[in-house]
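Here is the file my_file-v8.txt (compact mmCIF, C-alpha atoms and all ligand atoms).
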```txt
# COMPACT_ATOMS: atom_id res chain seq x y z
CA MET J 20 -10.37 7.14 -10.58
CA LEU J 21 -7.21 8.43 -8.92
CA GLU J 22 -5.65 11.36 -10.70
CA VAL J 23 -2.39 13.12 -10.02
CA THR J 24 -1.38 16.33 -11.78
CA GLU J 25 1.83 18.36 -11.71
CA LEU J 26 2.86 16.76 -8.44
CA ALA J 27 6.12 17.87 -6.85
CA CYS J 28 7.67 16.57 -3.64
CA LEU J 29 10.13 18.34 -1.37
CA ARG J 30 11.90 16.32 1.34
CA GLY J 31 14.08 18.30 3.71
CA ASP J 32 15.76 20.83 1.43
CA ARG J 33 15.75 18.55 -1.61
CA MET J 34 13.18 18.48 -4.40
CA LEU J 35 12.79 14.78 -5.13
CA PHE J 36 10.52 14.93 -8.17
CA ALA J 37 8.33 17.37 -10.06
CA ASP J 38 5.61 17.43 -12.68
CA VAL J 39 4.34 13.93 -11.96
CA ALA J 40 1.11 13.14 -13.80
CA LEU J 41 -0.60 9.82 -13.32
CA THR J 42 -4.10 8.39 -13.56
CA VAL J 43 -5.26 5.05 -12.25
CA GLN J 44 -8.54 3.61 -13.49
CA ALA J 45 -10.71 0.81 -12.14
CA GLY J 46 -9.13 -2.58 -12.80
CA GLU J 47 -5.59 -1.22 -13.19
CA LEU J 48 -2.40 -2.43 -11.56
CA VAL J 49 0.27 0.27 -11.52
CA ARG J 50 3.83 -0.19 -10.37
CA ILE J 51 5.83 2.84 -9.30
CA ALA J 52 9.40 2.03 -10.29
CA GLY J 53 12.76 3.68 -9.80
CA PRO J 54 16.04 3.29 -7.91
CA ASN J 55 16.45 3.49 -4.12
CA GLY J 56 15.83 6.98 -2.81
CA VAL J 57 14.11 8.35 -5.94
CA GLY J 58 10.95 9.01 -3.91
CA LYS J 59 8.59 6.07 -4.46
CA THR J 60 7.48 5.86 -0.82
CA SER J 61 7.15 9.64 -0.73
CA LEU J 62 4.90 9.52 -3.80
CA LEU J 63 2.68 6.80 -2.31
CA ARG J 64 2.28 8.88 0.84
CA LEU J 65 1.26 11.90 -1.25
CA LEU J 66 -1.26 9.76 -3.14
CA CYS J 67 -2.89 8.83 0.17
CA GLY J 68 -2.91 12.31 1.65
CA LEU J 69 -0.40 11.30 4.32
CA ALA J 70 1.92 14.11 3.23
CA GLN J 71 1.41 17.40 1.44
CA PRO J 72 2.84 18.01 -2.04
CA GLU J 73 5.04 21.01 -2.68
CA HIS J 74 3.03 21.60 -5.83
CA GLY J 75 0.21 19.95 -7.77
CA GLN J 76 -2.75 17.93 -6.64
CA VAL J 77 -4.26 14.52 -6.09
CA SER J 78 -7.91 13.86 -6.94
CA TRP J 79 -10.16 10.95 -6.13
CA LYS J 80 -13.24 10.42 -8.28
CA GLY J 81 -12.98 13.95 -9.61
CA GLN J 82 -12.60 15.73 -6.27
CA ARG J 83 -9.42 17.11 -4.76
CA LEU J 84 -8.25 14.89 -1.93
CA GLU J 85 -8.53 17.60 0.71
CA ARG J 86 -12.21 18.04 -0.19
CA THR J 87 -13.08 14.35 -0.08
CA ARG J 88 -10.84 13.14 2.71
CA GLU J 89 -13.46 11.18 4.64
CA ARG J 90 -14.73 9.34 1.59
CA PHE J 91 -11.19 8.72 0.36
CA HIS J 92 -10.16 7.13 3.64
CA ARG J 93 -13.11 4.76 3.41
CA GLU J 94 -12.23 3.88 -0.17
CA ALA J 95 -8.44 3.58 0.04
CA LEU J 96 -6.10 1.28 1.91
CA TYR J 97 -2.42 2.13 2.42
CA LEU J 98 0.06 -0.45 3.63
CA GLY J 99 3.52 0.96 4.30
CA HIS J 100 6.72 -1.05 3.94
CA ALA J 101 7.20 -1.45 7.69
CA ALA J 102 4.95 -3.87 9.54
CA ALA J 103 3.48 -1.46 12.10
CA LEU J 104 2.77 -4.00 14.83
CA ASN J 105 2.47 -3.76 18.57
CA ASP J 106 4.88 -6.49 19.70
CA LEU J 107 2.92 -7.19 22.87
CA LEU J 108 -0.29 -7.93 20.99
CA THR J 109 -1.02 -11.09 19.03
CA PRO J 110 -1.53 -11.10 15.24
CA LEU J 111 -5.28 -11.37 15.85
CA GLU J 112 -5.27 -8.40 18.22
CA ASN J 113 -3.06 -6.37 15.89
CA LEU J 114 -5.32 -7.09 12.94
CA ARG J 115 -8.49 -6.26 14.86
CA PHE J 116 -6.92 -2.99 16.03
CA ALA J 117 -5.81 -2.04 12.50
CA ALA J 118 -9.22 -2.94 11.07
CA ALA J 119 -11.01 -0.89 13.72
CA CYS J 120 -8.73 2.11 13.08
CA HIS J 121 -9.61 1.88 9.40
CA GLY J 122 -13.33 1.78 10.22
CA LEU J 123 -13.70 -1.69 8.73
CA GLY J 124 -15.82 -2.77 11.71
CA VAL J 125 -14.92 -6.42 11.24
CA ASP J 126 -15.54 -9.09 13.81
CA ALA J 127 -13.05 -11.53 15.31
CA GLY J 128 -14.30 -14.38 13.08
CA ARG J 129 -13.49 -12.50 9.86
CA CYS J 130 -10.07 -11.50 11.22
CA GLU J 131 -9.35 -15.13 12.14
CA LEU J 132 -10.27 -16.19 8.60
CA ALA J 133 -8.04 -13.47 7.12
CA LEU J 134 -5.11 -14.68 9.22
CA GLU J 135 -5.73 -18.27 8.13
CA ARG J 136 -5.95 -17.10 4.52
CA ILE J 137 -2.52 -15.46 4.81
CA GLY J 138 -1.05 -18.56 6.46
CA LEU J 139 -0.90 -17.33 10.05
CA GLY J 140 -3.56 -19.53 11.61
CA PRO J 141 -1.11 -21.34 13.92
CA GLN J 142 0.52 -18.08 15.06
CA ARG J 143 -2.58 -16.00 15.56
CA ASP J 144 -2.43 -16.00 19.38
CA LEU J 145 1.34 -15.63 19.84
CA PRO J 146 2.82 -12.25 20.82
CA ALA J 147 3.96 -10.47 17.64
CA LYS J 148 7.49 -10.10 19.03
CA VAL J 149 8.17 -13.83 18.40
CA LEU J 150 7.13 -13.75 14.73
CA SER J 151 9.61 -14.02 11.86
CA GLN J 152 10.00 -11.10 9.42
CA GLY J 153 7.84 -12.82 6.82
CA GLN J 154 5.17 -13.57 9.42
CA ARG J 155 5.21 -9.95 10.61
CA ARG J 156 4.74 -8.84 7.04
CA ARG J 157 1.80 -11.20 6.66
CA VAL J 158 -0.01 -9.71 9.66
CA GLY J 159 -0.12 -6.35 7.86
CA LEU J 160 -1.07 -7.94 4.56
CA ALA J 161 -3.96 -9.80 6.20
CA ARG J 162 -5.86 -6.49 5.99
CA LEU J 163 -6.09 -7.07 2.25
CA TYR J 164 -8.31 -10.05 2.99
CA LEU J 165 -10.70 -7.76 4.88
CA SER J 166 -10.71 -5.07 2.20
CA GLU J 167 -12.34 -6.57 -0.90
CA ASN J 168 -14.76 -3.63 -0.90
CA VAL J 169 -12.07 -0.97 -0.56
CA PRO J 170 -11.41 0.00 -4.21
CA LEU J 171 -7.92 1.53 -4.02
CA TRP J 172 -5.01 -0.39 -2.54
CA VAL J 173 -1.71 1.50 -2.20
CA LEU J 174 1.03 -0.92 -1.24
CA ASP J 175 4.67 -0.15 -0.46
CA GLU J 176 6.87 -3.18 -1.11
CA PRO J 177 4.16 -5.72 -0.22
CA PHE J 178 6.25 -8.72 -1.31
CA THR J 179 9.30 -8.03 0.87
CA ALA J 180 10.23 -10.97 3.12
CA LEU J 181 7.56 -13.26 1.67
CA ASP J 182 8.44 -16.77 0.52
CA VAL J 183 7.76 -17.96 -3.04
CA ALA J 184 4.34 -19.46 -2.28
CA ALA J 185 3.22 -16.36 -0.40
CA VAL J 186 4.35 -14.10 -3.28
CA ARG J 187 2.29 -16.23 -5.68
CA ASP J 188 -0.71 -16.17 -3.38
CA LEU J 189 -0.57 -12.40 -2.86
CA ALA J 190 -0.12 -11.78 -6.60
CA ASP J 191 -3.27 -13.86 -7.21
CA TRP J 192 -5.16 -11.79 -4.64
CA LEU J 193 -4.08 -8.51 -6.25
CA ASP J 194 -5.10 -9.92 -9.65
CA ALA J 195 -8.50 -10.85 -8.24
CA HIS J 196 -8.93 -7.35 -6.80
CA CYS J 197 -8.23 -5.79 -10.21
CA ALA J 198 -10.48 -8.32 -11.95
CA HIS J 199 -13.32 -7.11 -9.71
CA GLY J 200 -12.72 -3.47 -10.64
CA GLY J 201 -10.30 -2.58 -7.84
CA MET J 202 -7.10 -0.55 -8.32
CA VAL J 203 -3.62 -1.35 -7.07
CA VAL J 204 -0.74 1.12 -6.93
CA MET J 205 2.43 -0.40 -5.53
CA THR J 206 6.17 -0.41 -5.39
CA THR J 207 8.25 -3.53 -5.63
CA HIS J 208 11.83 -4.31 -6.54
CA GLN J 209 10.83 -7.92 -7.29
CA ASP J 210 9.66 -9.47 -10.55
CA VAL J 211 6.21 -10.74 -9.72
CA PRO J 212 4.19 -12.85 -12.16
CA PHE J 213 0.83 -11.06 -12.37
CA ALA J 214 -1.99 -12.15 -14.65
CA THR J 215 -3.19 -8.52 -14.82
CA PRO J 216 -1.24 -6.44 -17.36
CA MET J 217 0.93 -4.21 -15.17
CA ARG J 218 1.58 -0.57 -16.06
CA THR J 219 4.93 0.74 -14.89
CA PHE J 220 5.37 4.38 -13.97
CA ASP J 221 9.09 5.17 -13.87
CA LEU J 222 9.55 7.87 -11.24
CA ALA J 223 13.19 8.33 -12.27
CA GLU J 224 11.90 10.20 -15.35
CA SER J 225 10.45 12.89 -13.05
CA ALA J 226 13.43 13.04 -10.66
CA CYS J 227 14.93 16.48 -10.04
N1 LIG U 301 11.75 13.48 6.45
C1 LIG U 301 12.71 13.52 5.53
N2 LIG U 301 13.60 14.54 5.52
C2 LIG U 301 14.58 14.59 4.58
N3 LIG U 301 14.72 13.66 3.62
C3 LIG U 301 13.88 12.64 3.61
C4 LIG U 301 12.83 12.50 4.54
N4 LIG U 301 12.16 11.37 4.28
C5 LIG U 301 12.74 10.81 3.20
N5 LIG U 301 13.77 11.56 2.81
C6 LIG U 301 14.64 11.31 1.65
O1 LIG U 301 13.84 11.31 0.48
C7 LIG U 301 14.39 10.42 -0.46
C8 LIG U 301 13.31 9.53 -1.00
O2 LIG U 301 12.89 8.59 0.00
P1 LIG U 301 11.82 7.47 -0.35
O3 LIG U 301 11.70 6.60 0.86
O4 LIG U 301 10.60 8.12 -0.85
O5 LIG U 301 12.54 6.70 -1.54
P2 LIG U 301 12.19 5.32 -2.26
O6 LIG U 301 12.24 5.58 -3.73
O7 LIG U 301 10.93 4.77 -1.73
O8 LIG U 301 13.41 4.41 -1.86
P3 LIG U 301 13.58 2.82 -1.65
O9 LIG U 301 13.55 2.18 -3.01
O10 LIG U 301 14.94 2.71 -1.02
O11 LIG U 301 12.49 2.36 -0.74
C9 LIG U 301 15.54 9.70 0.22
O12 LIG U 301 16.76 10.27 -0.21
C10 LIG U 301 15.30 9.96 1.68
O13 LIG U 301 16.51 10.00 2.39
```
Just give me the structure as structure tokens.
Ligand SMILES: Nc1ncnc2c1ncn2[C@@H]1O[C@H](COP(=O)(O)OP(=O)(O)OP(=O)(O)O)[C@@H](O)[C@H]1O
Amino acid sequence: MLEVTELACLRGDRMLFADVALTVQAGELVRIAGPNGVGKTSLLRLLCGLAQPEHGQVSWKGQRLERTRERFHREALYLGHAAALNDLLTPLENLRFAAACHGLGVDAGRCELALERIGLGPQRDLPAKVLSQGQRRRVGLARLYLSENVPLWVLDEPFTALDVAAVRDLADWLDAHCAHGGMVVMTTHQDVPFATPMRTFDLAESAC
């Protein structure tokens, strides 16, 4: 379980939000909602230990994040809203690099399958710089097809730039993850048809 208590976030000299309390249980799909600039990305980064809160704490399976960092990083996957690709590498090389950085230890065959699964089979050996925006997005999302055993997925705008079929396909994959006891925390400005009942956490209610 992911648990957040009394969380406050300072960005520059501005307090974005305070007193955020949130729990995410196995099998849950939680959407962090709110207008542009309210602090959704900032909250996701705090949840993953990528930034420090001004106040409050984040716990994973009953332990404060700072005390269980190694375990947490094995058990959580964060995908930011920007496709962090090396333009000179191919989608296959980018995916293998990202997987290795995350300690997934996956082989080329599994990465090739993940790229096929996300619809990038034909582009897998092209340099990333020639990919369209939607294809760049898919390279990052392909990690989800290597991460069935990673319980917590934290996703910042995963549906941006995807076409209708890809949105449907990704929604099905997130549903399947939750159905198998995984957890998804995400932001999206799109209406996505999930089968899993989605809980919405409106960050605007905690805005300062
Ligand atoms: N390093 C920083 N220094 C100062 N302000 C920052 C910094 N990073 C982000 N901000 C500000 O914090 C606020 C929240 O940004 P954040 O990206 O978390 O919002 P968001 O809710 O995800 O927005 P969007 O819906 O547009 O993606 C914004 O006003 C942004 O300008």
Let me have the centre and edge lengths of the axis-aligned box enclosing all listed atoms of ligand LIG 301 (chain U) with 5 Å padding on every side, in Å to one decimal, as JSON.
```
{"center_x": 13.7, "center_y": 8.4, "center_z": 1.4, "size_x": 16.2, "size_y": 22.4, "size_z": 20.2}
```
Select from chain J every residue with an atom at most 9 Å from any atom of ligand LIG 301 (chain U), then for each give the shortest pair of atoms and their distance in Å to one decimal, using all atoms listed in the file, rows by chain and rising number, as CSV.
```
residue,atom,partner,partner_atom,distance
J:Leu29,CA,U:LIG301,O1,8.2
J:Arg30,CA,U:LIG301,N3,4.5
J:Gly31,CA,U:LIG301,C2,3.8
J:Asp32,CA,U:LIG301,C2,7.1
J:Arg33,CA,U:LIG301,N3,7.2
J:Met34,CA,U:LIG301,O1,8.7
J:Leu35,CA,U:LIG301,C7,6.6
J:Ile51,CA,U:LIG301,O6,8.9
J:Ala52,CA,U:LIG301,O6,8.0
J:Gly53,CA,U:LIG301,O6,6.4
J:Pro54,CA,U:LIG301,O9,5.6
J:Asn55,CA,U:LIG301,O9,3.4
J:Gly56,CA,U:LIG301,O5,3.5
J:Val57,CA,U:LIG301,O6,4.0
J:Gly58,CA,U:LIG301,O4,3.2
J:Lys59,CA,U:LIG301,O6,3.8
J:Thr60,CA,U:LIG301,O7,3.7
J:Ser61,CA,U:LIG301,O4,3.8
J:Leu62,CA,U:LIG301,O4,6.6
J:Leu63,CA,U:LIG301,O4,8.2
J:Arg64,CA,U:LIG301,O4,8.5
J:His100,CA,U:LIG301,O11,8.2
J:Asp175,CA,U:LIG301,O7,8.1
J:Glu176,CA,U:LIG301,O11,7.9
J:Thr206,CA,U:LIG301,O7,7.9
J:Thr207,CA,U:LIG301,O9,8.2
J:His208,CA,U:LIG301,O9,7.6
J:Leu222,CA,U:LIG301,O6,8.3
```
Can you check which parts of range 99-137 of chain J lie within 8 Å of range 158-165 of chain J? Per residue, the shortest pair of atoms and distance in Å to one decimal, counting all atoms listed in the file, sorted by chain and number, as a tab-separated table.
```
residue	atom	partner	partner_atom	distance
J:Ala102	CA	J:Gly159	CA	5.9
J:Ala103	CA	J:Gly159	CA	7.4
J:Leu104	CA	J:Gly159	CA	7.9
J:Pro110	CA	J:Val158	CA	5.9
J:Asn113	CA	J:Val158	CA	7.7
J:Leu114	CA	J:Val158	CA	6.8
J:Ala117	CA	J:Arg162	CA	7.9
J:Ala118	CA	J:Arg162	CA	7.0
J:Leu123	CA	J:Leu165	CA	7.8
J:Val125	CA	J:Leu165	CA	7.7
J:Arg129	CA	J:Leu165	CA	7.4
J:Cys130	CA	J:Leu165	CA	7.4
J:Ala133	CA	J:Tyr164	CA	5.4
J:Leu134	CA	J:Ala161	CA	5.9
J:Arg136	CA	J:Tyr164	CA	7.6
J:Ile137	CA	J:Ala161	CA	6.0
```
Worksheet item: Any idea what's packed within 8 Å of range 209-213 of chain J, counting only C-alpha atoms, ignoring anything in its chain fewer than 3 positions away? Could you give it as a PyMOL selection string?
Response: chain J and resi 178+186-187+190-191+194+216-217
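Atom to atom, CA of Asp126 in chain J and CA of Ser166 in chain J stand 13.2 Å apart.
Taking all atoms listed in the file into account, Ala70 in chain J lies nearest to J:Cys28 out of the set J:Phe36, J:Thr87, J:Cys197, J:Cys28.
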Worksheet entry | Nearby residues (all atoms listed in the file) at most 10 Å from range 81-83 of chain J, same-chain spacing under 6 positions excluded, as a list of chain:residue names | J:Met20, J:Leu21, J:Glu22, J:Val23, J:Phe91
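Near range 139-151 of chain J, within 7 Å and counting all atoms listed in the file, sit Asn105, Asp106, Leu107, Leu108, Thr109, Pro110, Leu111, Leu134, Glu135 and Arg155 of chain J; same-chain residues fewer than 4 positions away were not included.
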Give me a file of those residues, with C-alpha atoms, as a PDB file, keeping the file's coordinate frame.
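Dumped everything to out-v8.pdb:
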```pdb
ATOM      1  CA  ASN J 105       2.470  -3.760  18.570  1.00  0.00           C
ATOM      2  CA  ASP J 106       4.880  -6.490  19.700  1.00  0.00           C
ATOM      3  CA  LEU J 107       2.920  -7.190  22.870  1.00  0.00           C
ATOM      4  CA  LEU J 108      -0.290  -7.930  20.990  1.00  0.00           C
ATOM      5  CA  THR J 109      -1.020 -11.090  19.030  1.00  0.00           C
ATOM      6  CA  PRO J 110      -1.530 -11.100  15.240  1.00  0.00           C
ATOM      7  CA  LEU J 111      -5.280 -11.370  15.850  1.00  0.00           C
ATOM      8  CA  LEU J 134      -5.110 -14.680   9.220  1.00  0.00           C
ATOM      9  CA  GLU J 135      -5.730 -18.270   8.130  1.00  0.00           C
ATOM     10  CA  ARG J 155       5.210  -9.950  10.610  1.00  0.00           C
TER      11      ARG J 155
END
```
